[in-house]
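The next block is upload30.pdb, given as PDB, C-alpha atoms.
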ATOM      1  CA  MET A1119       0.000   0.000   0.000  1.00  0.00           C
ATOM      2  CA  ILE A1120       2.721   2.462   0.950  1.00  0.00           C
ATOM      3  CA  LYS A1121       4.757   1.625  -2.162  1.00  0.00           C
ATOM      4  CA  GLN A1122       1.726   2.161  -4.411  1.00  0.00           C
ATOM      5  CA  PHE A1123       0.953   5.457  -2.688  1.00  0.00           C
ATOM      6  CA  LEU A1124       4.522   6.692  -3.210  1.00  0.00           C
ATOM      7  CA  LYS A1125       4.433   5.679  -6.860  1.00  0.00           C
ATOM      8  CA  ARG A1126       1.212   7.655  -7.382  1.00  0.00           C
ATOM      9  CA  ARG A1127       2.676  10.693  -5.608  1.00  0.00           C
ATOM     10  CA  LEU A1128       5.832  10.529  -7.717  1.00  0.00           C
ATOM     11  CA  LYS A1129       3.807  10.236 -10.900  1.00  0.00           C
ATOM     12  CA  SER A1130       1.665  13.228  -9.893  1.00  0.00           C
ATOM     13  CA  LEU A1131       4.776  15.277  -9.078  1.00  0.00           C
ATOM     14  CA  LEU A1132       6.462  14.459 -12.382  1.00  0.00           C
ATOM     15  CA  THR A1133       3.286  15.347 -14.268  1.00  0.00           C
ATOM     16  CA  PHE A1134       3.013  18.609 -12.316  1.00  0.00           C
ATOM     17  CA  VAL A1135       6.521  19.716 -13.341  1.00  0.00           C
ATOM     18  CA  GLY A1136       5.908  18.790 -16.956  1.00  0.00           C
ATOM     19  CA  ILE A1137       7.669  15.418 -17.092  1.00  0.00           C
ATOM     20  CA  ASN A1138       5.784  12.496 -18.577  1.00  0.00           C
ATOM     21  CA  PRO A1139       6.697   9.300 -16.670  1.00  0.00           C
ATOM     22  CA  ALA A1140       5.658   7.192 -19.677  1.00  0.00           C
ATOM     23  CA  LEU A1141       8.223   8.954 -21.872  1.00  0.00           C
ATOM     24  CA  LEU A1142      10.918   8.338 -19.293  1.00  0.00           C
ATOM     25  CA  ARG A1143      10.111   4.624 -19.241  1.00  0.00           C
ATOM     26  CA  MET A1144      10.151   4.532 -23.040  1.00  0.00           C
ATOM     27  CA  ARG A1145      13.599   6.088 -23.064  1.00  0.00           C
ATOM     28  CA  TYR A1146      14.841   3.547 -20.541  1.00  0.00           C
ATOM     29  CA  TRP A1147      13.667   0.569 -22.609  1.00  0.00           C
ATOM     30  CA  LYS A1148      14.973   2.116 -25.816  1.00  0.00           C
ATOM     31  CA  GLU A1149      18.436   2.583 -24.332  1.00  0.00           C
ATOM     32  CA  ARG A1150      18.344  -0.926 -22.829  1.00  0.00           C
ATOM     33  CA  LYS A1151      17.706  -2.268 -26.324  1.00  0.00           C
ATOM     34  CA  GLN A1152      20.631  -0.253 -27.728  1.00  0.00           C
ATOM     35  CA  TRP A1153      22.895  -1.631 -25.000  1.00  0.00           C
ATOM     36  CA  LEU A1154      21.959  -5.213 -25.836  1.00  0.00           C
ATOM     37  CA  GLN A1155      22.333  -4.631 -29.569  1.00  0.00           C
ATOM     38  CA  GLN A1156      25.920  -3.508 -28.932  1.00  0.00           C
ATOM     39  CA  GLY A1157      26.614  -6.823 -27.234  1.00  0.00           C
ATOM     40  CA  GLY A1158      26.385  -5.491 -23.713  1.00  0.00           C
ATOM     41  CA  LYS A1159      25.477  -7.796 -20.832  1.00  0.00           C
ATOM     42  CA  ILE A1160      22.830  -6.967 -18.199  1.00  0.00           C
ATOM     43  CA  THR A1161      22.935  -8.868 -14.931  1.00  0.00           C
ATOM     44  CA  LYS A1162      20.044  -7.061 -13.245  1.00  0.00           C
ATOM     45  CA  LEU A1163      17.507  -4.387 -14.145  1.00  0.00           C
ATOM     46  CA  TYR A1164      17.839  -1.266 -11.979  1.00  0.00           C
ATOM     47  CA  PRO A1165      15.819   1.494 -13.697  1.00  0.00           C
ATOM     48  CA  ILE A1166      16.763   5.085 -12.819  1.00  0.00           C
ATOM     49  CA  THR A1167      14.912   7.596 -14.959  1.00  0.00           C
ATOM     50  CA  CYS A1168      14.856  10.644 -12.706  1.00  0.00           C
ATOM     51  CA  GLU A1169      18.383  11.859 -13.488  1.00  0.00           C
ATOM     52  CA  TYR A1170      18.280  12.344 -17.251  1.00  0.00           C
ATOM     53  CA  ASN A1171      18.043  16.119 -17.007  1.00  0.00           C
ATOM     54  CA  GLU A1172      19.649  16.850 -13.651  1.00  0.00           C
ATOM     55  CA  ASP A1173      22.712  19.050 -13.173  1.00  0.00           C
ATOM     56  CA  ALA A1174      26.116  17.526 -12.446  1.00  0.00           C
ATOM     57  CA  GLY A1175      25.652  18.264  -8.760  1.00  0.00           C
ATOM     58  CA  LYS A1176      24.544  20.889  -6.293  1.00  0.00           C
ATOM     59  CA  ALA A1177      26.970  23.807  -6.052  1.00  0.00           C
ATOM     60  CA  SER A1178      24.875  25.965  -3.756  1.00  0.00           C
ATOM     61  CA  GLY A1179      23.320  26.084  -0.317  1.00  0.00           C
ATOM     62  CA  HIS A1180      24.419  26.734   3.242  1.00  0.00           C
ATOM     63  CA  TYR A1181      26.668  23.737   3.809  1.00  0.00           C
ATOM     64  CA  TYR A1182      28.256  23.651   0.373  1.00  0.00           C
ATOM     65  CA  HIS A1183      29.421  27.265   0.602  1.00  0.00           C
ATOM     66  CA  GLN A1184      30.293  27.527   4.286  1.00  0.00           C
ATOM     67  CA  ASP A1185      32.234  24.259   4.401  1.00  0.00           C
ATOM     68  CA  LEU A1186      34.418  25.089   1.403  1.00  0.00           C
ATOM     69  CA  LEU A1187      34.825  28.735   2.328  1.00  0.00           C
ATOM     70  CA  VAL A1188      35.860  28.331   5.960  1.00  0.00           C
ATOM     71  CA  ALA A1189      38.122  25.398   5.110  1.00  0.00           C
ATOM     72  CA  SER A1190      39.903  27.681   2.624  1.00  0.00           C
ATOM     73  CA  TYR A1191      40.277  30.391   5.285  1.00  0.00           C
ATOM     74  CA  ILE A1192      41.884  27.919   7.683  1.00  0.00           C
ATOM     75  CA  HIS A1193      44.168  26.634   4.930  1.00  0.00           C
ATOM     76  CA  GLN A1194      45.332  30.192   4.287  1.00  0.00           C
ATOM     77  CA  ARG A1195      45.958  30.993   7.961  1.00  0.00           C
ATOM     78  CA  LYS A1196      47.572  27.642   8.852  1.00  0.00           C
ATOM     79  CA  PRO A1197      46.973  27.865  12.617  1.00  0.00           C
ATOM     80  CA  PRO A1198      49.070  25.548  14.835  1.00  0.00           C
ATOM     81  CA  ARG A1199      45.894  24.057  16.306  1.00  0.00           C
ATOM     82  CA  HIS A1200      42.313  24.008  15.090  1.00  0.00           C
ATOM     83  CA  ILE A1201      39.291  22.777  17.030  1.00  0.00           C
ATOM     84  CA  ASP A1202      35.850  22.315  15.528  1.00  0.00           C
ATOM     85  CA  VAL A1203      32.630  22.152  17.529  1.00  0.00           C
ATOM     86  CA  GLY A1204      29.614  20.402  16.047  1.00  0.00           C
ATOM     87  CA  SER A1205      30.129  21.121  12.347  1.00  0.00           C
ATOM     88  CA  PHE A1206      29.123  18.774   9.522  1.00  0.00           C
ATOM     89  CA  ASN A1207      31.425  15.774   9.816  1.00  0.00           C
ATOM     90  CA  ILE A1208      31.318  14.513   6.221  1.00  0.00           C
ATOM     91  CA  GLY A1209      31.500  18.036   4.841  1.00  0.00           C
ATOM     92  CA  PHE A1210      33.555  20.633   6.667  1.00  0.00           C
ATOM     93  CA  VAL A1211      35.521  18.285   8.920  1.00  0.00           C
ATOM     94  CA  ALA A1212      36.385  16.056   5.963  1.00  0.00           C
ATOM     95  CA  HIS A1213      37.585  19.095   3.992  1.00  0.00           C
ATOM     96  CA  LEU A1214      39.938  20.077   6.813  1.00  0.00           C
ATOM     97  CA  ALA A1215      41.176  16.552   7.449  1.00  0.00           C
ATOM     98  CA  SER A1216      42.289  16.280   3.829  1.00  0.00           C
ATOM     99  CA  PHE A1217      45.135  18.722   4.497  1.00  0.00           C
ATOM    100  CA  ARG A1218      45.590  19.112   8.271  1.00  0.00           C
ATOM    101  CA  GLU A1219      44.798  17.754  11.706  1.00  0.00           C
ATOM    102  CA  VAL A1220      41.497  18.848  13.224  1.00  0.00           C
ATOM    103  CA  GLU A1221      40.202  18.220  16.723  1.00  0.00           C
ATOM    104  CA  VAL A1222      36.472  17.584  16.630  1.00  0.00           C
ATOM    105  CA  MET A1223      34.136  18.111  19.574  1.00  0.00           C
ATOM    106  CA  ASP A1224      30.458  17.154  19.671  1.00  0.00           C
ATOM    107  CA  ILE A1225      27.841  16.297  22.277  1.00  0.00           C
ATOM    108  CA  ARG A1226      27.129  13.135  20.295  1.00  0.00           C
ATOM    109  CA  PRO A1227      29.509  10.176  20.166  1.00  0.00           C
ATOM    110  CA  LEU A1228      31.565   9.455  17.054  1.00  0.00           C
ATOM    111  CA  LYS A1229      33.105   6.126  16.152  1.00  0.00           C
ATOM    112  CA  PRO A1230      36.908   6.182  15.954  1.00  0.00           C
ATOM    113  CA  SER A1231      38.180   7.268  12.562  1.00  0.00           C
ATOM    114  CA  ILE A1232      40.857   5.467  10.593  1.00  0.00           C
ATOM    115  CA  HIS A1233      41.896   8.881   9.268  1.00  0.00           C
ATOM    116  CA  GLN A1234      44.712  10.119  11.449  1.00  0.00           C
ATOM    117  CA  ASN A1235      43.919  13.811  10.978  1.00  0.00           C
ATOM    118  CA  ILE A1236      40.609  13.562  12.880  1.00  0.00           C
ATOM    119  CA  LYS A1237      40.843  13.614  16.680  1.00  0.00           C
ATOM    120  CA  PHE A1238      37.476  13.354  18.432  1.00  0.00           C
ATOM    121  CA  PHE A1239      36.405  14.439  21.915  1.00  0.00           C
ATOM    122  CA  GLN A1240      32.846  14.174  23.218  1.00  0.00           C
ATOM    123  CA  ALA A1241      31.758  17.224  25.210  1.00  0.00           C
ATOM    124  CA  ASP A1242      28.752  19.406  25.952  1.00  0.00           C
ATOM    125  CA  LEU A1243      29.817  22.934  25.018  1.00  0.00           C
ATOM    126  CA  MET A1244      26.927  24.435  26.949  1.00  0.00           C
ATOM    127  CA  GLN A1245      29.208  23.652  29.893  1.00  0.00           C
ATOM    128  CA  PRO A1246      32.534  25.473  30.410  1.00  0.00           C
ATOM    129  CA  TYR A1247      35.495  23.734  28.832  1.00  0.00           C
ATOM    130  CA  GLN A1248      39.217  24.388  28.940  1.00  0.00           C
ATOM    131  CA  GLN A1249      40.253  28.017  28.618  1.00  0.00           C
ATOM    132  CA  GLU A1250      42.505  29.666  26.021  1.00  0.00           C
ATOM    133  CA  ILE A1251      43.596  26.437  24.369  1.00  0.00           C
ATOM    134  CA  THR A1252      43.507  27.192  20.631  1.00  0.00           C
ATOM    135  CA  GLU A1253      44.333  29.859  18.069  1.00  0.00           C
ATOM    136  CA  SER A1254      41.576  28.724  15.703  1.00  0.00           C
ATOM    137  CA  LEU A1255      38.043  27.512  16.355  1.00  0.00           C
ATOM    138  CA  SER A1256      34.998  26.755  14.199  1.00  0.00           C
ATOM    139  CA  CYS A1257      31.333  26.091  14.910  1.00  0.00           C
ATOM    140  CA  LEU A1258      29.392  25.919  11.651  1.00  0.00           C
ATOM    141  CA  HIS A1259      25.617  25.508  11.560  1.00  0.00           C
ATOM    142  CA  ALA A1260      25.645  24.060  15.070  1.00  0.00           C
ATOM    143  CA  ILE A1261      25.078  26.790  17.673  1.00  0.00           C
ATOM    144  CA  GLU A1262      21.421  27.111  16.615  1.00  0.00           C
ATOM    145  CA  HIS A1263      20.777  23.619  18.027  1.00  0.00           C
ATOM    146  CA  PHE A1264      22.270  24.112  21.487  1.00  0.00           C
ATOM    147  CA  GLY A1265      19.701  23.479  24.235  1.00  0.00           C
ATOM    148  CA  LEU A1266      16.830  22.293  22.032  1.00  0.00           C
ATOM    149  CA  GLY A1267      17.194  18.616  22.909  1.00  0.00           C
ATOM    150  CA  ARG A1268      17.381  17.514  19.279  1.00  0.00           C
ATOM    151  CA  TYR A1269      20.710  15.762  19.775  1.00  0.00           C
ATOM    152  CA  ASN A1270      19.964  14.419  23.251  1.00  0.00           C
ATOM    153  CA  ASP A1271      21.324  17.613  24.781  1.00  0.00           C
ATOM    154  CA  PRO A1272      19.643  19.078  27.899  1.00  0.00           C
ATOM    155  CA  ILE A1273      16.896  21.634  27.323  1.00  0.00           C
ATOM    156  CA  ASP A1274      18.276  25.130  27.915  1.00  0.00           C
ATOM    157  CA  VAL A1275      16.661  28.257  26.471  1.00  0.00           C
ATOM    158  CA  ASN A1276      19.997  30.050  26.812  1.00  0.00           C
ATOM    159  CA  GLY A1277      22.036  27.170  25.423  1.00  0.00           C
ATOM    160  CA  HIS A1278      23.218  29.139  22.398  1.00  0.00           C
ATOM    161  CA  ILE A1279      24.430  32.060  24.537  1.00  0.00           C
ATOM    162  CA  LYS A1280      26.248  29.715  26.911  1.00  0.00           C
ATOM    163  CA  GLY A1281      27.754  27.908  23.945  1.00  0.00           C
ATOM    164  CA  ILE A1282      29.125  31.074  22.378  1.00  0.00           C
ATOM    165  CA  THR A1283      30.547  32.210  25.728  1.00  0.00           C
ATOM    166  CA  ASN A1284      32.323  28.883  26.157  1.00  0.00           C
ATOM    167  CA  LEU A1285      33.704  29.025  22.606  1.00  0.00           C
ATOM    168  CA  ILE A1286      35.174  32.432  23.354  1.00  0.00           C
ATOM    169  CA  GLN A1287      36.739  31.072  26.542  1.00  0.00           C
ATOM    170  CA  MET A1288      38.458  28.307  24.562  1.00  0.00           C
ATOM    171  CA  LEU A1289      40.022  30.833  22.201  1.00  0.00           C
ATOM    172  CA  LYS A1290      43.392  32.417  22.872  1.00  0.00           C
ATOM    173  CA  PRO A1291      43.692  36.234  22.618  1.00  0.00           C
ATOM    174  CA  GLN A1292      43.873  37.215  18.929  1.00  0.00           C
ATOM    175  CA  GLY A1293      42.557  33.762  18.023  1.00  0.00           C
ATOM    176  CA  ILE A1294      40.020  33.349  15.206  1.00  0.00           C
ATOM    177  CA  LEU A1295      36.457  32.084  15.590  1.00  0.00           C
ATOM    178  CA  TYR A1296      34.481  30.974  12.537  1.00  0.00           C
ATOM    179  CA  ILE A1297      30.790  30.657  13.348  1.00  0.00           C
ATOM    180  CA  SER A1298      27.736  30.297  11.134  1.00  0.00           C
ATOM    181  CA  PHE A1299      24.006  29.836  11.654  1.00  0.00           C
ATOM    182  CA  PRO A1300      20.644  30.448   9.974  1.00  0.00           C
ATOM    183  CA  ILE A1301      19.690  34.114   9.653  1.00  0.00           C
ATOM    184  CA  GLY A1302      16.275  35.626   9.006  1.00  0.00           C
ATOM    185  CA  LYS A1303      14.226  38.742   9.611  1.00  0.00           C
ATOM    186  CA  LYS A1304      13.958  38.151  13.360  1.00  0.00           C
ATOM    187  CA  ASP A1305      14.995  35.784  16.122  1.00  0.00           C
ATOM    188  CA  GLU A1306      12.915  32.612  15.967  1.00  0.00           C
ATOM    189  CA  VAL A1307      12.840  29.170  17.551  1.00  0.00           C
ATOM    190  CA  HIS A1308      11.641  26.327  15.342  1.00  0.00           C
ATOM    191  CA  PHE A1309      11.371  23.755  18.098  1.00  0.00           C
ATOM    192  CA  ASN A1310      13.105  21.387  18.233  1.00  0.00           C
ATOM    193  CA  ALA A1311      14.914  21.677  14.896  1.00  0.00           C
ATOM    194  CA  HIS A1312      16.852  24.939  15.211  1.00  0.00           C
ATOM    195  CA  ARG A1313      16.890  28.633  15.941  1.00  0.00           C
ATOM    196  CA  VAL A1314      16.951  31.350  13.295  1.00  0.00           C
ATOM    197  CA  PHE A1315      18.774  34.558  14.241  1.00  0.00           C
ATOM    198  CA  HIS A1316      18.475  38.173  13.214  1.00  0.00           C
ATOM    199  CA  PRO A1317      21.855  38.942  11.584  1.00  0.00           C
ATOM    200  CA  LEU A1318      22.744  41.490  14.276  1.00  0.00           C
ATOM    201  CA  SER A1319      21.496  39.641  17.393  1.00  0.00           C
ATOM    202  CA  LEU A1320      24.868  38.048  18.031  1.00  0.00           C
ATOM    203  CA  PHE A1321      26.420  41.433  18.749  1.00  0.00           C
ATOM    204  CA  ASP A1322      24.118  41.964  21.721  1.00  0.00           C
ATOM    205  CA  TYR A1323      25.519  38.984  23.632  1.00  0.00           C
ATOM    206  CA  PRO A1324      27.779  40.327  26.416  1.00  0.00           C
ATOM    207  CA  SER A1325      30.642  37.917  25.698  1.00  0.00           C
ATOM    208  CA  VAL A1326      30.654  38.821  21.992  1.00  0.00           C
ATOM    209  CA  LYS A1327      30.360  42.534  22.645  1.00  0.00           C
ATOM    210  CA  GLN A1328      33.218  42.497  25.128  1.00  0.00           C
ATOM    211  CA  HIS A1329      35.692  40.060  23.618  1.00  0.00           C
ATOM    212  CA  LEU A1330      35.266  39.729  19.847  1.00  0.00           C
ATOM    213  CA  LYS A1331      35.863  41.886  16.792  1.00  0.00           C
ATOM    214  CA  LEU A1332      34.189  41.016  13.489  1.00  0.00           C
ATOM    215  CA  ILE A1333      36.819  40.863  10.747  1.00  0.00           C
ATOM    216  CA  LYS A1334      34.780  39.278   7.950  1.00  0.00           C
ATOM    217  CA  PHE A1335      31.157  38.566   7.107  1.00  0.00           C
ATOM    218  CA  ASP A1336      29.960  36.341   4.278  1.00  0.00           C
ATOM    219  CA  TYR A1337      26.450  35.056   3.778  1.00  0.00           C
ATOM    220  CA  VAL A1338      24.269  32.722   1.754  1.00  0.00           C
ATOM    221  CA  ASP A1339      20.906  34.018   0.552  1.00  0.00           C
ATOM    222  CA  ASP A1340      17.547  32.248   0.327  1.00  0.00           C
ATOM    223  CA  GLN A1341      18.402  31.008  -3.170  1.00  0.00           C
ATOM    224  CA  GLY A1342      21.573  29.321  -1.911  1.00  0.00           C
ATOM    225  CA  ASN A1343      23.985  31.829  -3.463  1.00  0.00           C
ATOM    226  CA  LEU A1344      27.140  32.958  -1.664  1.00  0.00           C
ATOM    227  CA  HIS A1345      27.949  36.641  -1.089  1.00  0.00           C
ATOM    228  CA  LEU A1346      31.519  37.445  -0.051  1.00  0.00           C
ATOM    229  CA  ASP A1347      32.894  40.334   2.008  1.00  0.00           C
ATOM    230  CA  GLY A1348      29.529  41.768   2.923  1.00  0.00           C
ATOM    231  CA  LYS A1349      28.350  43.911   5.779  1.00  0.00           C
ATOM    232  CA  THR A1350      26.029  42.498   8.412  1.00  0.00           C
ATOM    233  CA  GLU A1351      23.587  45.293   7.561  1.00  0.00           C
ATOM    234  CA  ASP A1352      23.384  43.839   4.034  1.00  0.00           C
ATOM    235  CA  ALA A1353      21.590  40.801   5.461  1.00  0.00           C
ATOM    236  CA  VAL A1354      19.000  42.642   7.563  1.00  0.00           C
ATOM    237  CA  ASP A1355      15.367  42.088   6.500  1.00  0.00           C
ATOM    238  CA  LYS A1356      16.515  40.183   3.423  1.00  0.00           C
ATOM    239  CA  PHE A1357      16.035  36.480   4.129  1.00  0.00           C
ATOM    240  CA  ILE A1358      13.642  33.924   5.484  1.00  0.00           C
ATOM    241  CA  MET A1359      16.391  31.351   5.980  1.00  0.00           C
ATOM    242  CA  GLY A1360      19.806  32.524   4.903  1.00  0.00           C
ATOM    243  CA  CYS A1361      23.126  31.625   6.462  1.00  0.00           C
ATOM    244  CA  GLY A1362      25.476  34.103   8.107  1.00  0.00           C
ATOM    245  CA  ILE A1363      29.182  33.167   8.139  1.00  0.00           C
ATOM    246  CA  TYR A1364      31.002  35.299  10.715  1.00  0.00           C
ATOM    247  CA  THR A1365      34.774  35.467  11.183  1.00  0.00           C
ATOM    248  CA  PHE A1366      35.730  36.973  14.544  1.00  0.00           C
ATOM    249  CA  GLN A1367      39.043  37.728  16.189  1.00  0.00           C
ATOM    250  CA  LYS A1368      39.358  37.688  19.948  1.00  0.00           C
ATOM    251  CA  ASN A1369      40.656  40.911  21.436  1.00  0.00           C
ATOM    252  CA  LEU A1370      44.304  40.970  22.457  1.00  0.00           C
ATOM    253  CA  ASN A1371      43.503  42.036  26.023  1.00  0.00           C
ATOM    254  CA  SER A1372      40.746  39.451  26.481  1.00  0.00           C
ATOM    255  CA  HIS A1373      41.461  36.622  28.866  1.00  0.00           C
ATOM    256  CA  ALA A1374      39.304  33.723  30.002  1.00  0.00           C
ATOM    257  CA  LYS A1375      39.179  34.877  33.618  1.00  0.00           C
ATOM    258  CA  ARG A1376      37.401  38.063  32.522  1.00  0.00           C
ATOM    259  CA  LEU A1377      34.486  36.318  30.782  1.00  0.00           C
TER     260      LEU A1377
END

For this file, write the structure as structure tokens.
Amino acid sequence: MIKQFLKRRLKSLLTFVGINPALLRMRYWKERKQWLQQGGKITKLYPITCEYNEDAGKASGHYYHQDLLVASYIHQRKPPRHIDVGSFNIGFVAHLASFREVEVMDIRPLKPSIHQNIKFFQADLMQPYQQEITESLSCLHAIEHFGLGRYNDPIDVNGHIKGITNLIQMLKPQGILYISFPIGKKDEVHFNAHRVFHPLSLFDYPSVKQHLKLIKFDYVDDQGNLHLDGKTEDAVDKFIMGCGIYTFQKNLNSHAKRL
């Protein structure tokens, strides 16, 4: 029953977008015949007709742009140590691990990796961690989840603020923090999936206001396009669900004991 229902829905969707499923099937059988006529062998039929007119891949969206972009920034800076908190493991972390060691922290467990450049530590960054331990730190598309319980973390309405404060504590003076999250027209909570932030809300957090200086702002718009070297004001009242990519430097005179 479920399989038949899904087939009907797929057929309706293809018809709606102007694709005739019957024509796709005809093409499949025509090309199968050509294959056999050329002496090709077929061991099993595995029809895929939905990819005839697709692009080579998806070169847009939050994760595609932020993962490549921030990895390139870290490659350029070549910090002695880099720690990542909660970013996409098979995207951003994999990019970094292809050319350097990266220490990965997440509230969720991670099976040991055979790749020597990935060092994993399980930790809840809503709780204070070690202070002033790294020159480079990233938290991409993760802070919006802190305290919502989605990843078996404790419910905490201020989890994102605590998380950012603890990230700043981990950073050495003049260290670099790369942080990204969904941005929209106002602060929202889409429980329990994520938060969406006004692009300027971050600057009202006491720990950010006191200890960080914004040195670069990039963003992804609602269409998935990347905009480089923007101003935070450029993103105000523009998006329903964009992505702000903030590069901060910790002030020289900031020390963990003052947070």

Show which residues sit within 12 Å of segment 1311-1317 of chain A, as a PyMOL selection string. Count all atoms listed in the file, and ignore same-chain residues fewer than 2 positions away.
-> chain A and resi 1259-1269+1275-1279+1298-1309+1319-1322+1335-1338+1348-1364

Enumerate, as an MDAnalysis selection string, the residues matched when the PyMOL selection byres ((chain A and resi 1293) around 10) is run on the file above.
-> chainID A and resid 1197 1250:1255 1286 1288:1292 1294:1295 1330 1366:1370

Might you pull out every residue within 12 Å of segment 1230-1233 of chain A, with all atoms listed in the file counted and same-chain residues fewer than 3 positions away left off, and present them as an MDAnalysis selection string?
-> chainID A and resid 1207:1208 1211:1212 1214:1222 1227 1236:1240

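From atom CA of Leu1187 of chain A back to atom CA of Phe1206 of chain A, the distance works out to 13.5 Å.
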
re atom CA of Phe1210 of chain A and atom CA of Asp1339 of chain A: distance 19.4 Å

At what distance in Å, to one decimal, does atom CA of Asn1284 of chain A lie from atom CA of Gln1234 of chain A?
-> 26.9 Å

Residue neighbourhood Thr1167 of chain A, 8 Å, only C-alpha atoms, exclusion window fewer than 3 positions, as a PDB file with C-alpha atoms, keeping the file's coordinate frame:
ATOM      1  CA  LEU A1142      10.918   8.338 -19.293  1.00  0.00           C
ATOM      2  CA  ARG A1143      10.111   4.624 -19.241  1.00  0.00           C
ATOM      3  CA  TYR A1146      14.841   3.547 -20.541  1.00  0.00           C
ATOM      4  CA  TYR A1170      18.280  12.344 -17.251  1.00  0.00           C
TER       5      TYR A1170
END

A:Val1188, A:Leu1163, A:Leu1141, A:Leu1154: which is nearest Ser1256 of chain A, counting only C-alpha atoms?
->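 Nearest to Ser1256 of chain A: A:Val1188.
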
Shortest interatomic distance to His1180 of chain A - which of A:Leu1346, A:Leu1258, A:Met1223, A:Leu1285, counting all atoms listed in the file | A:Leu1258
